[in-house]
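Written out below as structure tokens is the structure these notes cover.
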Amino acid sequence: MPVPVPRQRTTSAAPVVEAGTATGAELTLLVIEDDPAGAFAVPDLLDGAGPRLRIRTARNLTEAERLLTDDVHCVLVDLALPGAGDDPLAPLRHVLRLAPRHAVLALAASSDAELAAEAVRVGAQDHLFREELDGRLLSRAIRYAVERKRADSAQVKLAESRLRAQENARLERGLLPTPLLEGSDLRFAARYRPGRSRALLGGDFYDTVRTPDGTVHAMIGDVCGHGPDEAALGVELRIAWRALTFAGLCGDELLSTLQQVLEHERENDEIFATLCTVDIAPDGRRAGLCLAGHPSPLIARHGRAAQLLPYEDSGPALGLLPRARWPRRQVELGASWSLMMYTDGLIEGRSAGPDSPRLGQDGMVAMINRQLAEGLRGEELLEAAVTEVRALNGGELTDDVAVLLLDRRR
């Protein structure tokens with residue numbers, strides 16, 4: 001038979017009821033029950049394998065709110081509390097709103113089995129019948145409710161994390177460019193690998209469009225850093241570049257305007273961006289090249305080894321000098337060629353694992369020539385290049401990597 005225990009109006013010093021002395025940490029149970037007799041029947045046949053159990057009691061929801069502190073593990077709510085009105089579960093719903101991180105048990109009479117089941121459906125971890133309550137059942141129910149609440153909370157956090165990851169992935173995929181090359185005989189390929197973990201987008205950016213006059217414009221750039229703020233700024237610069245290109249801007253005029261965008265959008269004056277732009281003539285044999293602190297593209301002409309495009313008059317990175325100029329240089333491409341534009345993440349990895357020298361542009365050129373000799377082209381070439389750079393580095397690259405390839409075959 002249950003042994004009545006006098007009600008304790010606890011604040012900081014609560015009575016401790018031994019629910020087990022062998023293992024387990026102490027648990028605190030808050031009991032909310034209107035009891036005119038002034039006692040809540042705590043069974044004396046407590047489960048010997050359970051933890052120590054500290055009992056707090058409250059006669060109403062107002063008192064419960066005062067006693068519901070962070071050290072409470074579980075709340076036992078009497079569904080027969082007065083003042084429920086038309087909704088017998090109103091007190092339980094109030095407790096669930098009041099204690100969203102706590103395990104909650106519903107206490108009901110055995111004649112209210114349907115109500116007790118409904119209590120679980122609205123959020124309680126379990127229900128107990130007053131007439132069937134004994135020590136072992138109470139001890140097990142408390143431990144079960146606490147562990148189930150922990151598991152439920154972990155599932156909610158996991159679901160929220162997955163949802164955020166899916167939303168971020170959809171957003172970042174939507175921000176990646178779709179090349180506009182309709183009507184061009186050039187073939188396009190690109191690879192992108194952000195430096196920050198679990199991201200689809202970093203501070204590197206690229207784009208390719210064909211304007212109505214038949215000119216193909218391509219660009220690739222790198223905002224210093226590779227966090228979400230840099231990724232957002234890179235997207236802004238890419239979108240601005242596309243709009244300005246369709247508006248007819250090119251060369252120094254285009255880069256000067258992009259610098260104004262950067263200066264307006266960046267968080268502080270230390271943020272800068274490198275950029276490489278290429279505008280390929282409609283006949284595909286010539287191109288204009290502008291470099292703003294960015295590595296020169298690599299070109300592989302038919303029957304000849306790949307090499308860097310010569311460019312001695314590179315301008316500064318965007319955002320460094322307020323009145324900078326970026327000269328546009330004319331380069332001959334030839335009839336059949338492959339033009340590879342890349343960010344410095346491709347060349348700044350190690351050449352043979354940690355503490356070895358950087359791969360550098362010379363190492364990259366040698367690597368690309370070897371892969372071309374193996375017959376790799378287009379998507380396969382870029383995939384092999386990024387994979388080998390990572391392998392040479394001895395692990396994941398810390399910087400963003402973007403590579404863009406345009407091919408013309410005649």
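In the structure tokens, chains take the letters A, B, ... in the order shown, each chain's residues start at 1, and ligands count up from 1 in the order shown.
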Using DSSP on the backbone, list every residue of stretch 63-303 of chain A that comes out as strand (DSSP E), and give them as a VMD selection string. chain A and resid 74 to 78 103 to 108 126 to 129 187 to 193 204 to 210 216 to 223 273 to 280 286 to 292 298 to 301
Contacts of A:Ala58 at 7 Å or less, counting only C-alpha atoms, minus same-chain residues fewer than 6 places along, as a VMD selection string? chain A and resid 31 to 33 64
Write the selection just made, keeping all heavy atoms, as an mmCIF file, in the first residue's frame?
```
data_model
loop_
_atom_site.group_PDB
_atom_site.id
_atom_site.type_symbol
_atom_site.label_atom_id
_atom_site.label_comp_id
_atom_site.auth_asym_id
_atom_site.auth_seq_id
_atom_site.Cartn_x
_atom_site.Cartn_y
_atom_site.Cartn_z
ATOM 1 N N VAL A 31 5.470 17.700 -8.594
ATOM 2 C CA VAL A 31 4.122 17.152 -8.605
ATOM 3 C C VAL A 31 3.137 18.303 -8.500
ATOM 4 O O VAL A 31 3.204 19.119 -7.567
ATOM 5 C CB VAL A 31 3.913 16.166 -7.435
ATOM 6 C CG1 VAL A 31 2.491 15.614 -7.446
ATOM 7 C CG2 VAL A 31 4.929 15.034 -7.511
ATOM 8 N N ILE A 32 2.217 18.379 -9.459
ATOM 9 C CA ILE A 32 1.178 19.412 -9.433
ATOM 10 C C ILE A 32 -0.147 18.702 -9.208
ATOM 11 O O ILE A 32 -0.699 18.072 -10.115
ATOM 12 C CB ILE A 32 1.149 20.213 -10.748
ATOM 13 C CG1 ILE A 32 2.548 20.720 -11.117
ATOM 14 C CG2 ILE A 32 0.190 21.389 -10.641
ATOM 15 C CD1 ILE A 32 2.612 21.380 -12.484
ATOM 16 N N GLU A 33 -0.665 18.808 -7.959
ATOM 17 C CA GLU A 33 -1.898 18.099 -7.607
ATOM 18 C C GLU A 33 -2.636 18.886 -6.535
ATOM 19 O O GLU A 33 -2.046 19.289 -5.526
ATOM 20 C CB GLU A 33 -1.599 16.695 -7.081
ATOM 21 C CG GLU A 33 -2.874 15.904 -6.821
ATOM 22 C CD GLU A 33 -2.625 14.681 -5.970
ATOM 23 O OE1 GLU A 33 -1.833 14.770 -5.022
ATOM 24 O OE2 GLU A 33 -3.242 13.639 -6.263
ATOM 25 N N ALA A 64 3.270 26.086 -9.178
ATOM 26 C CA ALA A 64 4.151 25.257 -9.996
ATOM 27 C C ALA A 64 5.124 26.114 -10.799
ATOM 28 O O ALA A 64 6.305 25.767 -10.950
ATOM 29 C CB ALA A 64 3.326 24.385 -10.931
#
```
Contacts of A:Leu382 at 9 Å or less, counting only C-alpha atoms, minus same-chain residues fewer than 5 places along, as a list in words? Ala189, Ala190, Arg191, Leu376, Arg377, Thr387, Val403, Leu404 and Leu405 of chain A
Closest pair table for stretch 316-367 of chain A residues within 12 Å of stretch 281-292 of chain A, only C-alpha atoms, as JSON lines:
```
{"residue": "A:Pro316", "atom": "CA", "partner": "A:Ala292", "partner_atom": "CA", "distance": 4.9}
{"residue": "A:Ala317", "atom": "CA", "partner": "A:Ala292", "partner_atom": "CA", "distance": 4.5}
{"residue": "A:Leu318", "atom": "CA", "partner": "A:Ala292", "partner_atom": "CA", "distance": 6.4}
{"residue": "A:Gly319", "atom": "CA", "partner": "A:Ala292", "partner_atom": "CA", "distance": 10.0}
{"residue": "A:Leu320", "atom": "CA", "partner": "A:Ala292", "partner_atom": "CA", "distance": 10.1}
{"residue": "A:Leu321", "atom": "CA", "partner": "A:Ala292", "partner_atom": "CA", "distance": 11.1}
{"residue": "A:Ala324", "atom": "CA", "partner": "A:Ala292", "partner_atom": "CA", "distance": 9.7}
{"residue": "A:Arg325", "atom": "CA", "partner": "A:Ala292", "partner_atom": "CA", "distance": 9.1}
{"residue": "A:Trp326", "atom": "CA", "partner": "A:Cys290", "partner_atom": "CA", "distance": 6.5}
{"residue": "A:Pro327", "atom": "CA", "partner": "A:Cys290", "partner_atom": "CA", "distance": 6.4}
{"residue": "A:Arg328", "atom": "CA", "partner": "A:Cys290", "partner_atom": "CA", "distance": 4.9}
{"residue": "A:Arg329", "atom": "CA", "partner": "A:Leu289", "partner_atom": "CA", "distance": 5.1}
{"residue": "A:Gln330", "atom": "CA", "partner": "A:Gly288", "partner_atom": "CA", "distance": 4.6}
{"residue": "A:Val331", "atom": "CA", "partner": "A:Ala287", "partner_atom": "CA", "distance": 5.4}
{"residue": "A:Glu332", "atom": "CA", "partner": "A:Arg286", "partner_atom": "CA", "distance": 4.7}
{"residue": "A:Leu333", "atom": "CA", "partner": "A:Arg285", "partner_atom": "CA", "distance": 5.0}
{"residue": "A:Gly334", "atom": "CA", "partner": "A:Arg285", "partner_atom": "CA", "distance": 4.9}
{"residue": "A:Ala335", "atom": "CA", "partner": "A:Arg285", "partner_atom": "CA", "distance": 5.8}
{"residue": "A:Ser336", "atom": "CA", "partner": "A:Arg285", "partner_atom": "CA", "distance": 8.3}
{"residue": "A:Trp337", "atom": "CA", "partner": "A:Arg285", "partner_atom": "CA", "distance": 9.0}
{"residue": "A:Ser338", "atom": "CA", "partner": "A:Gly284", "partner_atom": "CA", "distance": 11.2}
{"residue": "A:Leu339", "atom": "CA", "partner": "A:Ala287", "partner_atom": "CA", "distance": 10.7}
{"residue": "A:Met341", "atom": "CA", "partner": "A:Leu291", "partner_atom": "CA", "distance": 11.2}
```
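For the pair atom CA of A:Asp213 and atom CA of A:Gly251, the interatomic distance is 16.4 Å.
Using only C-alpha atoms, the shortest contact distance between A:Ala240 and any of A:Val223, A:Leu262, A:Leu107, A:Ala145 is found at A:Leu262.
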Given only C-alpha atoms as the basis, pick out the residue of A:Arg193, A:Val365, A:Asp252, A:Asp112 nearest to A:Glu383. A:Arg193
What is the distance, in Å and to one decimal place, between atom CA of A:Arg238 and atom CA of A:Ile220? 8.6 Å
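Here atom CA of A:Phe205 stands at a distance of 13.5 Å from atom CA of A:Leu258.
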Residues of stretch 95-221 of chain A classed as alpha helix (DSSP H) by DSSP on the backbone are to be reported as a ChimeraX atom specification. /A:95-98,113-122,135-175
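Among A:Arg266, A:His127, A:His102, A:Arg323, the residue with the shortest atom-to-atom distance to A:Asp71, counting only C-alpha atoms, is A:His102.
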